[in-house]
Structure formats: C-alpha cells, structure tokens
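Shown next: final_2.tsv, containing TSV, C-alpha atoms and all ligand atoms.
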```tsv
chain	number	residue	atom	x	y	z
H	74	MET	CA	6.28	18.73	-14.03
H	75	LYS	CA	6.72	15.22	-15.45
H	76	LEU	CA	5.31	11.80	-14.55
H	77	LEU	CA	7.40	8.70	-15.13
H	78	SER	CA	6.53	5.05	-14.53
H	79	GLY	CA	8.55	1.91	-13.90
H	80	ASN	CA	7.09	-1.48	-14.79
H	81	SER	CA	5.63	-2.43	-11.40
H	82	ASN	CA	2.23	-0.80	-11.77
H	83	ARG	CA	1.71	0.78	-15.18
H	84	VAL	CA	-2.09	0.60	-14.83
H	85	LEU	CA	-2.05	2.78	-11.70
H	86	ALA	CA	0.54	5.13	-13.26
H	87	GLY	CA	-1.75	5.50	-16.31
H	88	ALA	CA	-4.74	6.23	-14.06
H	89	ILE	CA	-2.76	8.85	-12.10
H	90	ALA	CA	-1.67	10.46	-15.38
H	91	ALA	CA	-5.29	10.45	-16.59
H	92	HIS	CA	-6.41	12.06	-13.33
H	93	LEU	CA	-3.80	14.80	-13.77
H	94	ASP	CA	-4.69	15.07	-17.45
H	95	MET	CA	-1.09	14.73	-18.56
H	96	PRO	CA	0.87	12.04	-20.40
H	97	LEU	CA	3.48	9.74	-18.90
H	98	THR	CA	6.99	10.75	-19.95
H	99	LYS	CA	8.37	8.42	-22.61
H	100	ALA	CA	10.98	6.10	-21.16
H	101	GLN	CA	12.35	2.63	-21.69
H	102	VAL	CA	12.79	0.40	-18.68
H	103	LYS	CA	13.93	-2.98	-19.84
H	104	ARG	CA	16.24	-5.89	-19.12
H	105	PHE	CA	19.55	-6.86	-20.69
H	106	ALA	CA	19.97	-10.53	-21.58
H	107	ASP	CA	21.52	-11.22	-18.15
H	108	ASN	CA	18.48	-9.54	-16.48
H	109	GLU	CA	20.27	-6.33	-15.47
H	110	VAL	CA	17.87	-3.36	-15.54
H	111	PHE	CA	18.39	-0.66	-18.17
H	112	ALA	CA	16.51	2.66	-18.23
H	113	MET	CA	16.50	5.47	-20.76
H	114	ILE	CA	14.35	8.59	-20.47
H	115	GLU	CA	13.33	9.57	-23.97
H	116	GLU	CA	12.27	13.17	-23.29
H	117	ASN	CA	14.10	16.20	-21.95
H	118	VAL	CA	13.68	16.45	-18.16
H	119	ARG	CA	16.30	19.13	-17.46
H	120	GLY	CA	15.02	21.46	-14.74
H	121	GLU	CA	11.75	19.49	-14.35
H	122	ASP	CA	9.85	18.47	-11.20
H	123	VAL	CA	9.67	14.70	-11.83
H	124	PHE	CA	7.48	12.09	-10.11
H	125	VAL	CA	8.60	8.47	-10.57
H	126	ILE	CA	5.75	6.04	-9.89
H	127	GLN	CA	6.92	2.59	-8.81
H	128	SER	CA	5.60	0.24	-6.10
H	129	THR	CA	8.28	-2.03	-4.68
H	130	SER	CA	5.91	-4.99	-4.78
H	131	TYR	CA	6.59	-8.51	-6.11
H	132	PRO	CA	9.19	-9.02	-7.57
H	133	ALA	CA	10.36	-6.59	-4.89
H	134	ASN	CA	14.05	-6.60	-5.71
H	135	ASP	CA	13.56	-6.06	-9.45
H	136	ASN	CA	11.04	-3.30	-8.88
H	137	LEU	CA	13.24	-1.60	-6.29
H	138	MET	CA	16.19	-1.76	-8.68
H	139	GLU	CA	14.08	-0.19	-11.46
H	140	LEU	CA	13.17	2.67	-9.10
H	141	LEU	CA	16.82	3.24	-8.16
H	142	ILE	CA	18.04	3.11	-11.76
H	143	LEU	CA	15.27	5.42	-13.03
H	144	THR	CA	16.16	7.87	-10.24
H	145	ASP	CA	19.84	7.73	-11.18
H	146	ALA	CA	18.94	8.37	-14.83
H	147	LEU	CA	16.91	11.42	-13.77
H	148	VAL	CA	19.75	12.81	-11.61
H	149	ARG	CA	22.13	12.47	-14.54
H	150	ALA	CA	19.56	14.07	-16.86
H	151	SER	CA	19.50	17.18	-14.58
H	152	ALA	CA	15.92	16.88	-13.28
H	153	LYS	CA	15.37	19.71	-10.78
H	154	ARG	CA	13.48	17.68	-8.18
H	155	ILE	CA	12.75	13.94	-8.07
H	156	THR	CA	9.89	12.48	-6.03
H	157	ALA	CA	9.80	8.71	-5.62
H	158	VAL	CA	6.09	7.83	-5.65
H	159	VAL	CA	5.96	4.41	-3.99
H	160	PRO	CA	2.27	3.49	-3.48
H	161	TYR	CA	3.31	0.21	-1.83
H	162	PHE	CA	6.62	0.36	0.04
H	163	GLY	CA	7.97	-3.20	0.16
H	164	TYR	CA	10.36	-4.32	2.91
H	165	ALA	CA	8.35	-2.16	5.36
H	166	ARG	CA	7.67	-5.07	7.68
H	167	GLN	CA	11.40	-5.45	8.30
H	168	ASP	CA	11.42	-2.25	10.33
H	169	ARG	CA	13.25	-3.47	13.44
H	170	LYS	CA	15.69	-6.12	14.58
H	171	THR	CA	13.52	-9.14	15.31
H	172	ASP	CA	16.46	-11.15	16.65
H	173	GLY	CA	20.19	-10.90	17.15
H	174	ARG	CA	22.19	-10.41	13.95
H	175	THR	CA	19.18	-9.52	11.74
H	176	PRO	CA	18.94	-6.47	9.45
H	177	ILE	CA	16.60	-3.48	9.47
H	178	SER	CA	15.87	-3.75	5.76
H	179	ALA	CA	13.24	-0.99	5.66
H	180	LYS	CA	15.94	1.48	6.74
H	181	LEU	CA	18.37	0.09	4.16
H	182	VAL	CA	15.77	0.51	1.38
H	183	ALA	CA	15.06	4.08	2.55
H	184	ASN	CA	18.80	4.79	2.39
H	185	LEU	CA	19.05	3.30	-1.10
H	186	ILE	CA	16.20	5.45	-2.45
H	187	THR	CA	17.74	8.56	-0.88
H	188	ARG	CA	21.29	7.81	-2.06
H	189	ALA	CA	20.03	7.13	-5.59
H	190	GLY	CA	19.02	10.80	-5.68
H	191	ALA	CA	15.35	11.09	-4.70
H	192	ASP	CA	14.57	14.49	-3.15
H	193	ARG	CA	11.29	13.41	-1.63
H	194	VAL	CA	9.06	10.36	-1.22
H	195	LEU	CA	5.31	9.98	-1.58
H	196	THR	CA	3.95	6.70	-0.28
H	197	MET	CA	0.74	5.27	1.16
H	198	ASP	CA	-0.15	3.40	4.34
H	199	LEU	CA	3.35	2.57	5.50
H	200	HIS	CA	3.24	-0.57	7.63
H	201	ALA	CA	4.32	1.55	10.61
H	202	GLY	CA	4.08	5.36	10.60
H	203	GLN	CA	7.55	5.73	12.09
H	204	ILE	CA	9.13	4.32	8.90
H	205	GLN	CA	8.58	7.86	7.59
H	206	GLY	CA	11.48	8.79	9.87
H	207	PHE	CA	13.78	6.29	8.14
H	208	PHE	CA	13.99	8.79	5.27
H	209	ASP	CA	16.10	11.90	5.80
H	210	ILE	CA	14.19	13.61	2.97
H	211	PRO	CA	10.59	14.92	3.08
H	212	THR	CA	8.21	11.96	3.03
H	213	ASP	CA	4.44	12.11	2.69
H	214	ASN	CA	2.58	9.03	3.91
H	215	LEU	CA	-0.92	9.10	2.38
H	216	LEU	CA	-3.78	7.22	4.01
H	217	ALA	CA	-6.21	5.12	2.00
H	218	THR	CA	-8.69	5.36	4.90
H	219	PRO	CA	-10.91	8.13	3.41
H	220	VAL	CA	-11.18	6.30	0.07
H	221	LEU	CA	-11.99	2.99	1.77
H	222	ALA	CA	-14.39	4.62	4.24
H	223	GLN	CA	-16.29	6.12	1.31
H	224	ASP	CA	-16.52	2.69	-0.34
H	225	ILE	CA	-17.87	1.17	2.89
H	226	LYS	CA	-20.51	3.92	3.11
H	227	GLU	CA	-21.58	3.14	-0.46
H	228	ASN	CA	-21.67	-0.65	-0.06
H	229	TYR	CA	-22.51	-1.54	3.56
H	230	PRO	CA	-25.48	-0.55	5.73
H	231	ARG	CA	-24.15	1.41	8.71
H	232	ASP	CA	-26.36	-0.13	11.40
H	233	ASN	CA	-24.72	-2.91	13.35
H	234	LEU	CA	-21.35	-2.26	11.70
H	235	MET	CA	-18.23	-3.09	13.69
H	236	ILE	CA	-14.66	-2.33	12.58
H	237	ILE	CA	-12.13	-4.97	13.55
H	238	SER	CA	-8.39	-4.58	13.94
H	239	PRO	CA	-6.87	-7.98	13.05
H	240	ASP	CA	-4.04	-7.45	15.55
H	241	VAL	CA	-3.02	-5.13	18.36
H	242	GLY	CA	-0.56	-3.29	16.05
H	243	GLY	CA	-3.41	-2.16	13.77
H	244	VAL	CA	-5.63	-0.60	16.45
H	245	VAL	CA	-4.79	3.05	15.66
H	246	ARG	CA	-5.54	2.51	11.96
H	247	ALA	CA	-8.80	0.66	12.66
H	248	ARG	CA	-9.89	3.21	15.25
H	249	SER	CA	-9.52	6.04	12.74
H	250	LEU	CA	-11.79	4.18	10.29
H	251	ALA	CA	-14.31	3.40	13.04
H	252	LYS	CA	-14.36	7.10	13.95
H	253	ARG	CA	-15.01	8.15	10.35
H	254	LEU	CA	-17.92	5.69	10.15
H	255	ASP	CA	-19.15	6.30	13.68
H	256	ALA	CA	-18.88	2.54	14.25
H	257	ASP	CA	-17.73	0.40	17.18
H	258	LEU	CA	-14.29	-1.19	17.32
H	259	ALA	CA	-13.15	-4.70	18.30
H	260	ILE	CA	-9.65	-6.18	18.33
H	261	VAL	CA	-8.31	-9.60	17.45
H	262	ASP	CA	-5.57	-10.80	19.77
H	263	LYS	CA	-3.32	-12.40	17.12
H	264	ARG	CA	-0.07	-14.22	17.82
H	265	ARG	CA	2.54	-15.29	15.33
H	266	PRO	CA	4.04	-18.62	16.44
H	267	LYS	CA	6.51	-18.14	13.56
H	268	ALA	CA	6.89	-15.83	10.52
H	269	GLY	CA	4.12	-16.40	7.97
H	270	GLU	CA	1.77	-18.16	10.46
H	271	SER	CA	-0.92	-16.51	12.53
H	272	GLU	CA	-3.08	-17.77	15.37
H	273	VAL	CA	-6.11	-16.04	16.91
H	274	MET	CA	-6.02	-16.15	20.72
H	275	ASN	CA	-9.05	-14.07	21.57
H	276	ILE	CA	-11.49	-11.40	20.40
H	277	ILE	CA	-11.56	-8.23	22.49
H	278	GLY	CA	-15.12	-6.88	22.15
H	279	ASP	CA	-18.58	-8.37	21.66
H	280	VAL	CA	-19.14	-9.16	17.97
H	281	GLU	CA	-22.29	-11.26	18.37
H	282	GLY	CA	-24.92	-10.27	15.80
H	283	ARG	CA	-22.59	-7.65	14.25
H	284	ARG	CA	-21.59	-7.04	10.62
H	285	CYS	CA	-17.78	-7.01	10.88
H	286	ILE	CA	-15.21	-5.30	8.68
H	287	LEU	CA	-11.57	-6.24	9.20
H	288	PHE	CA	-9.26	-3.33	8.41
H	289	ASP	CA	-5.51	-3.74	7.86
H	290	ASP	CA	-2.60	-2.39	5.83
H	291	ILE	CA	-1.45	-5.63	4.17
H	292	VAL	CA	-2.94	-8.96	3.17
H	293	ASP	CA	-0.03	-11.23	2.34
H	294	SER	CA	-0.60	-14.98	2.77
H	295	GLY	CA	-4.18	-14.28	3.85
H	296	GLY	CA	-3.67	-16.24	7.10
H	297	THR	CA	-4.33	-13.26	9.37
H	298	LEU	CA	-7.61	-12.40	7.61
H	299	VAL	CA	-9.02	-15.85	7.19
H	300	ASN	CA	-8.21	-16.93	10.77
H	301	ALA	CA	-9.67	-13.69	12.13
H	302	ALA	CA	-12.81	-14.11	9.99
H	303	LYS	CA	-13.30	-17.69	11.29
H	304	ALA	CA	-12.87	-16.57	14.90
H	305	LEU	CA	-15.36	-13.70	14.42
H	306	MET	CA	-17.96	-16.01	12.85
H	307	ASP	CA	-17.44	-18.48	15.74
H	308	LYS	CA	-18.17	-15.64	18.17
H	309	GLY	CA	-21.49	-14.93	16.45
H	310	ALA	CA	-20.71	-12.24	13.82
H	311	THR	CA	-23.38	-12.25	11.10
H	312	GLU	CA	-20.86	-11.59	8.30
H	313	VAL	CA	-17.21	-10.61	7.91
H	314	SER	CA	-15.63	-8.56	5.10
H	315	ALA	CA	-12.17	-7.04	4.89
H	316	TYR	CA	-10.77	-3.74	3.62
H	317	ILE	CA	-7.00	-3.79	3.12
H	318	SER	CA	-4.74	-1.10	1.61
H	319	HIS	CA	-2.14	-3.33	-0.04
H	320	GLY	CA	-3.04	-6.64	-1.69
H	321	VAL	CA	0.30	-8.47	-1.55
H	322	LEU	CA	-1.66	-11.73	-1.91
H	323	SER	CA	1.21	-14.20	-2.11
H	324	GLY	CA	1.17	-18.02	-2.15
H	325	PRO	CA	-2.19	-19.49	-1.09
H	326	ALA	CA	-3.84	-16.12	-0.33
H	327	VAL	CA	-6.37	-15.98	-3.19
H	328	GLN	CA	-7.46	-19.58	-2.65
H	329	ARG	CA	-7.78	-18.94	1.10
H	330	VAL	CA	-10.00	-15.93	0.45
H	331	ALA	CA	-12.07	-17.82	-2.12
H	332	ASP	CA	-12.58	-20.85	0.16
H	333	GLY	CA	-12.78	-19.04	3.51
H	334	PRO	CA	-15.60	-17.34	5.43
H	335	LEU	CA	-14.89	-13.78	4.19
H	336	LYS	CA	-17.86	-12.30	2.36
H	337	GLU	CA	-15.69	-9.88	0.40
H	338	LEU	CA	-12.12	-8.59	0.34
H	339	VAL	CA	-11.63	-5.03	-0.87
H	340	ILE	CA	-8.09	-3.87	-1.73
H	341	THR	CA	-6.68	-0.78	-3.44
H	342	ASP	CA	-4.74	-0.76	-6.71
H	343	SER	CA	-1.43	0.14	-5.01
H	344	ILE	CA	-0.12	-3.22	-6.33
H	345	GLU	CA	-0.83	-4.46	-9.85
H	346	GLN	CA	-2.66	-7.79	-9.69
H	347	PRO	CA	-2.43	-10.98	-11.75
H	348	ASP	CA	-5.48	-12.51	-13.46
H	349	GLU	CA	-5.97	-14.92	-10.54
H	350	VAL	CA	-6.85	-11.95	-8.32
H	351	LEU	CA	-8.77	-10.00	-10.95
H	352	LYS	CA	-10.97	-13.03	-11.63
H	353	CYS	CA	-11.64	-13.92	-7.99
H	354	PRO	CA	-15.34	-13.05	-7.42
H	355	LYS	CA	-14.73	-12.28	-3.73
H	356	ILE	CA	-12.00	-9.69	-4.37
H	357	ARG	CA	-12.86	-6.13	-5.41
H	358	ARG	CA	-10.48	-3.21	-6.02
H	359	VAL	CA	-10.88	0.47	-5.27
H	360	SER	CA	-8.59	2.93	-7.02
H	361	VAL	CA	-6.29	5.29	-5.14
H	362	ALA	CA	-5.23	6.98	-8.40
H	363	PRO	CA	-7.30	10.13	-7.66
H	364	LEU	CA	-5.81	10.34	-4.12
H	365	ILE	CA	-2.21	9.92	-5.32
H	366	GLY	CA	-2.83	12.18	-8.32
H	367	GLU	CA	-4.19	14.93	-6.07
H	368	ALA	CA	-1.22	14.55	-3.68
H	369	ILE	CA	1.19	14.87	-6.64
H	370	ARG	CA	-0.64	17.98	-7.82
H	371	ARG	CA	-0.41	19.51	-4.35
H	372	ILE	CA	3.30	18.71	-3.99
H	373	ALA	CA	4.04	20.21	-7.40
H	374	ASN	CA	2.09	23.36	-6.46
H	375	GLU	CA	3.61	23.51	-2.95
H	376	GLU	CA	0.14	23.09	-1.37
H	377	SER	CA	-0.73	21.19	1.81
H	378	VAL	CA	-0.99	17.41	1.47
H	379	SER	CA	-2.30	16.82	4.99
H	380	LYS	CA	-5.39	18.90	4.08
H	381	LEU	CA	-6.46	15.86	2.04
H	382	PHE	CA	-7.17	14.03	5.31
H	383	ASP	CA	-8.97	16.72	7.30
M	1	LIG	C1	1.08	-7.40	10.07
M	1	LIG	O1	1.33	-6.77	11.10
M	1	LIG	C2	0.34	-6.79	8.91
M	1	LIG	O2	-0.38	-5.65	9.30
M	1	LIG	C3	-0.58	-7.81	8.27
M	1	LIG	O3	-1.56	-8.18	9.23
M	1	LIG	C4	0.17	-9.02	7.81
M	1	LIG	O4	1.29	-8.65	7.04
M	1	LIG	C5	-0.72	-9.95	7.02
M	1	LIG	O5	0.00	-11.08	6.68
M	1	LIG	P1	-0.70	-12.45	6.28
M	1	LIG	O6	-1.75	-12.14	5.27
M	1	LIG	O7	0.43	-13.27	5.69
M	1	LIG	O8	-1.24	-13.08	7.53
```

Now that the file is in, can you turn its structure into structure tokens?
Ligand code: R5P
Amino acid sequence: MKLLSGNSNRVLAGAIAAHLDMPLTKAQVKRFADNEVFAMIEENVRGEDVFVIQSTSYPANDNLMELLILTDALVRASAKRITAVVPYFGYARQDRKTDGRTPISAKLVANLITRAGADRVLTMDLHAGQIQGFFDIPTDNLLATPVLAQDIKENYPRDNLMIISPDVGGVVRARSLAKRLDADLAIVDKRRPKAGESEVMNIIGDVEGRRCILFDDIVDSGGTLVNAAKALMDKGATEVSAYISHGVLSGPAVQRVADGPLKELVITDSIEQPDEVLKCPKIRRVSVAPLIGEAIRRIANEESVSKLFD
C-alpha cells in the first residue's frame, strides 16, 4: 500500500501518513512555465494499492487537474488499485440543473476522476449524499459527525444545547448530530434570492434561552452562518457557535465570522487554510486525519468502513 499527496492539502496528507505510521510516496507535482501541471512518481508503485490524497478545494481547477494527472501517472506506472482520497469534493454544489442550459458539473467531475483511472473514491461529507451515485466506481462517503460530536462534548455543556440546521436541506445531517448528543433540533428557513446571497425567513423551533450550535457541510462566503446566527440571537438564543465540515471560507467569510455574532466557528482540516484563517481567534480546527487514516486502513485490509459510524 502507498500514500501519495498532491499539493492541495499536504498538511492533512502528512497527518494521515503519520496516523498510518508510513511515509508519503516520493513524487513531484509541479508546474511548467506555462502553468501546465506535471507529475512524476519517484518510487516504484507497480502492483501497489495506492491512495492519492487531494482535496479539490481552491484553486479547484488546478487541484482537480493535479488529481487527474497523478491518477494518470499511477495508471501508467501499473499501480494495482488507485483510490482517489478527496476529503473535500469541490463542484459538489453543482449537482443538478438549476436552470435551462446549465451543466451538472459534479457529475462531470465524477466522470473525469473515473476516466482518469481511479478504481475507487474516498471522500467526506458530500454536499448531497446522492452525489455518491454520480460515480460508477465504489465510493465511500465518510461523515465528520462523530469527530465533531466528540469535540462538542468536550467543549460545550450539554444542558440547554440546541442543534440548528441552517437550511431545510441540512436537516438530516443536523438531526443525526442532535441524536448523537441527545439534543433538540431547530431549523432555519433560509432562502437564496440569488447565488451567493442568503436571507433568513424564519426559525422553526423555540431557541429562546438556548445555547445554539449551527451544523452544516460547507461555510463558503459565511453569509448563511452569520445571518442565521443573527436571527437566532434576535429570537433569544444565549449564544451561537457553528460546526462545519468544510471551511471553504472565500471572499469576506473570515471577516464576517470575526465581526459577526458567532461565538466560535469549528471546521475540520479537509481544506488547507491560509494564515488569515489560522490566525482568526474565533476559528478553531479539528483534524479528520485519524478518521480518514482509519478508513484508508480498512479499505486496504478489505474491512468494513461503515462500522466506523456505528
Ligand atoms: C448550502 O446548501 C450549503 O450547505 C451551505 O449552507 C452553503 O454552501 C454556505 O454558503 P455561504 O457560506 O456562502 O452562505
């Protein structure tokens, strides 16, 4: 078995390798002068079970291209089985036609990964579970929920806790966290007047006097979280924090979190973060390296992955 990393999240790849107590396979992934991606695997991988770790986060197209080119290099180097380990699967929100003459880019990206030669995919908290079906190869969709639930247990008193889904689409995810914590659930009725903007219409549930935790898969511009936090405070919540699997954190997000009513934002390390995020006192990160490492170990040993979530 071999572990290989692209450039998108070398810190996480290193932590996964440390968890598995094995080194990352030596490889060069660099750019030609015109910015084309070049990859060279510097160790023999013939007949090996290889796991390529690469989130397709910002810059999504460059990171996706690195994943495809690394996979092609592995196919041509006669690897026995190639697993694309994509902790954050970019393009996932483009999972349906939103209008006439628009693409389904999540399906296209799934096709690209498959056609490049991946035999299986290991990812985490896909924006919608059914994206798993966009791949015609075995795909394991890990859940960060147990890791985040554990962090909540260690950092938040359980009395008066209320888990909040920031939109109707996230109810199943939020309910599963609420169940693990034996907490109540409330829902924000969010509307998107246009892409990138969110508006809170209503709160379904009584949050007065409650300690609220917003739970979602992605924080991108931060609009959803900050607007939801304001609405919850207006309805009498005593404090609002947020636990989010993927910290996309684009544009004004970090500033919005820093200036807004959120007490704390906890994200995983599925996406490597710039200094601006690492230095923000309100943002804390929890590692999913042990979870992904354990899933890799189980796949390599042909053991159950779903057992991890029992
Ligand atoms: C949407 O359905 C997702 O689950 C997130 O709520 C959304 O992507 C967050 O975006 P933003 O931070 O830009 O409001």

Just checking: using only C-alpha atoms and all ligand atoms, which residue out of H:Gly282, H:Pro354, H:Gly163, H:Pro176 ends up closest to ligand LIG 1 (chain M)?
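Nearest to ligand LIG 1 (chain M): H:Gly163.
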
Mind dumping a table of every chain H residue within 7 Å of ligand LIG 1 (chain M), with the nearest atom pair and its distance in Å to one decimal, using all atoms listed in the file, sorted by chain and rising number, as JSON lines?
```
{"residue": "H:His200", "atom": "CA", "partner": "M:LIG1", "partner_atom": "O2", "distance": 6.5}
{"residue": "H:Pro239", "atom": "CA", "partner": "M:LIG1", "partner_atom": "O3", "distance": 6.5}
{"residue": "H:Asp240", "atom": "CA", "partner": "M:LIG1", "partner_atom": "O3", "distance": 6.8}
{"residue": "H:Gly242", "atom": "CA", "partner": "M:LIG1", "partner_atom": "O1", "distance": 6.3}
{"residue": "H:Gly243", "atom": "CA", "partner": "M:LIG1", "partner_atom": "O2", "distance": 6.4}
{"residue": "H:Gly269", "atom": "CA", "partner": "M:LIG1", "partner_atom": "O7", "distance": 5.3}
{"residue": "H:Glu270", "atom": "CA", "partner": "M:LIG1", "partner_atom": "O8", "distance": 6.6}
{"residue": "H:Ser271", "atom": "CA", "partner": "M:LIG1", "partner_atom": "O8", "distance": 6.1}
{"residue": "H:Asp289", "atom": "CA", "partner": "M:LIG1", "partner_atom": "O2", "distance": 5.7}
{"residue": "H:Asp290", "atom": "CA", "partner": "M:LIG1", "partner_atom": "O2", "distance": 5.3}
{"residue": "H:Ile291", "atom": "CA", "partner": "M:LIG1", "partner_atom": "C3", "distance": 4.7}
{"residue": "H:Val292", "atom": "CA", "partner": "M:LIG1", "partner_atom": "O6", "distance": 4.0}
{"residue": "H:Asp293", "atom": "CA", "partner": "M:LIG1", "partner_atom": "O6", "distance": 3.5}
{"residue": "H:Ser294", "atom": "CA", "partner": "M:LIG1", "partner_atom": "O7", "distance": 3.5}
{"residue": "H:Gly295", "atom": "CA", "partner": "M:LIG1", "partner_atom": "O6", "distance": 3.5}
{"residue": "H:Gly296", "atom": "CA", "partner": "M:LIG1", "partner_atom": "O8", "distance": 4.0}
{"residue": "H:Thr297", "atom": "CA", "partner": "M:LIG1", "partner_atom": "O8", "distance": 3.6}
{"residue": "H:Leu298", "atom": "CA", "partner": "M:LIG1", "partner_atom": "O6", "distance": 6.3}
```

How far is it from atom CA of Lys226 of chain H to atom CA of Val339 of chain H, in Å with one decimal?
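Atom-to-atom, atom CA of Lys226 of chain H to atom CA of Val339 of chain H, that is 13.2 Å.
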
At a cut-off of 7 Å, using only C-alpha atoms, what residues contact Phe162 of chain H? Leave out same-chain residues fewer than 2 positions from it and give the result as number ranges by chain.
H: 128-129, 159-160, 164-165, 196, 199

Å distance separating atom CA of Lys103 of chain H from atom CA of Gly79 of chain H, one decimal place:
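It comes out at 9.4 Å.
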
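One distance worth recording is that between atom CA of Tyr316 of chain H and atom CA of Arg253 of chain H, which is 14.3 Å.
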
For Glu116 of chain H, work out the shell of residues within 10 Å, counting all atoms listed in the file and skipping chain neighbours fewer than 3 positions away, then give it as a PyMOL selection string.
chain H and resi 75+98-100+113+119+150

With all atoms listed in the file as the basis for distance, which of H:Ile204, H:Leu76, H:Ile260, H:Leu215 is at the shortest distance from Ala91 of chain H?
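Nearest candidate to Ala91 of chain H out of H:Ile204, H:Leu76, H:Ile260, H:Leu215: H:Leu76.
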
Close residues, segment 135-138 of chain H itself excluded, 8 Å, all atoms listed in the file, min 3 positions apart in chain, as a count of residues only
12

Mind giving me the axis-aligned box for segment 353-370 of chain H with 5 Å on every side, centre plus edges in Å to one decimal, as JSON?
```
{"center_x": -7.1, "center_y": 2.0, "center_z": -6.0, "size_x": 26.5, "size_y": 41.9, "size_z": 14.7}
```

For a cutoff of 12 Å around the file-coordinate point (3.2, 7.7, -4.6), which residues qualify once you count only C-alpha atoms? I'd like the result as a count of residues only.
49

Let me make sure I understand: among H:Ser151, H:Asn108, H:Ser360, H:Gln223, which one has the smallest atom-to-atom distance to His92 of chain H if we use only C-alpha atoms?
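Distance minimum relative to His92 of chain H lands on H:Ser360.
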
For segment 258-269 of chain H, where the input has fewer atoms than it should, I would like N, CA, C and O atoms rebuilt and written as a CSV table (one decimal), keeping the file's coordinate frame.
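Listing of selection03.csv after writing:
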```
chain,number,residue,atom,x,y,z
H,258,LEU,N,-15.6,-0.6,17.7
H,258,LEU,CA,-14.3,-1.2,17.3
H,258,LEU,C,-14.1,-2.5,18.2
H,258,LEU,O,-14.4,-2.5,19.4
H,259,ALA,N,-13.6,-3.5,17.5
H,259,ALA,CA,-13.2,-4.7,18.3
H,259,ALA,C,-11.7,-5.1,17.8
H,259,ALA,O,-11.3,-4.6,16.8
H,260,ILE,N,-11.1,-5.9,18.6
H,260,ILE,CA,-9.6,-6.2,18.3
H,260,ILE,C,-9.4,-7.7,18.4
H,260,ILE,O,-9.9,-8.4,19.3
H,261,VAL,N,-8.7,-8.2,17.4
H,261,VAL,CA,-8.3,-9.6,17.4
H,261,VAL,C,-6.9,-9.7,18.1
H,261,VAL,O,-6.0,-9.0,17.8
H,262,ASP,N,-6.9,-10.6,19.1
H,262,ASP,CA,-5.6,-10.8,19.8
H,262,ASP,C,-4.9,-11.9,19.0
H,262,ASP,O,-5.1,-13.1,19.2
H,263,LYS,N,-4.0,-11.5,18.0
H,263,LYS,CA,-3.3,-12.4,17.1
H,263,LYS,C,-1.9,-12.7,17.6
H,263,LYS,O,-1.2,-11.8,18.1
H,264,ARG,N,-1.5,-13.9,17.5
H,264,ARG,CA,-0.1,-14.2,17.8
H,264,ARG,C,0.5,-14.8,16.6
H,264,ARG,O,-0.2,-15.5,15.8
H,265,ARG,N,1.8,-14.6,16.4
H,265,ARG,CA,2.5,-15.3,15.3
H,265,ARG,C,3.5,-16.3,15.9
H,265,ARG,O,4.6,-15.9,16.4
H,266,PRO,N,3.1,-17.6,15.9
H,266,PRO,CA,4.0,-18.6,16.4
H,266,PRO,C,5.4,-18.6,15.7
H,266,PRO,O,6.4,-18.8,16.2
H,267,LYS,N,5.3,-18.4,14.3
H,267,LYS,CA,6.5,-18.1,13.6
H,267,LYS,C,6.1,-17.3,12.3
H,267,LYS,O,4.9,-17.2,12.0
H,268,ALA,N,7.2,-16.7,11.7
H,268,ALA,CA,6.9,-15.8,10.5
H,268,ALA,C,6.0,-16.5,9.5
H,268,ALA,O,6.2,-17.7,9.2
H,269,GLY,N,5.0,-15.8,9.0
H,269,GLY,CA,4.1,-16.4,8.0
H,269,GLY,C,2.9,-17.2,8.5
H,269,GLY,O,2.1,-17.7,7.8
```
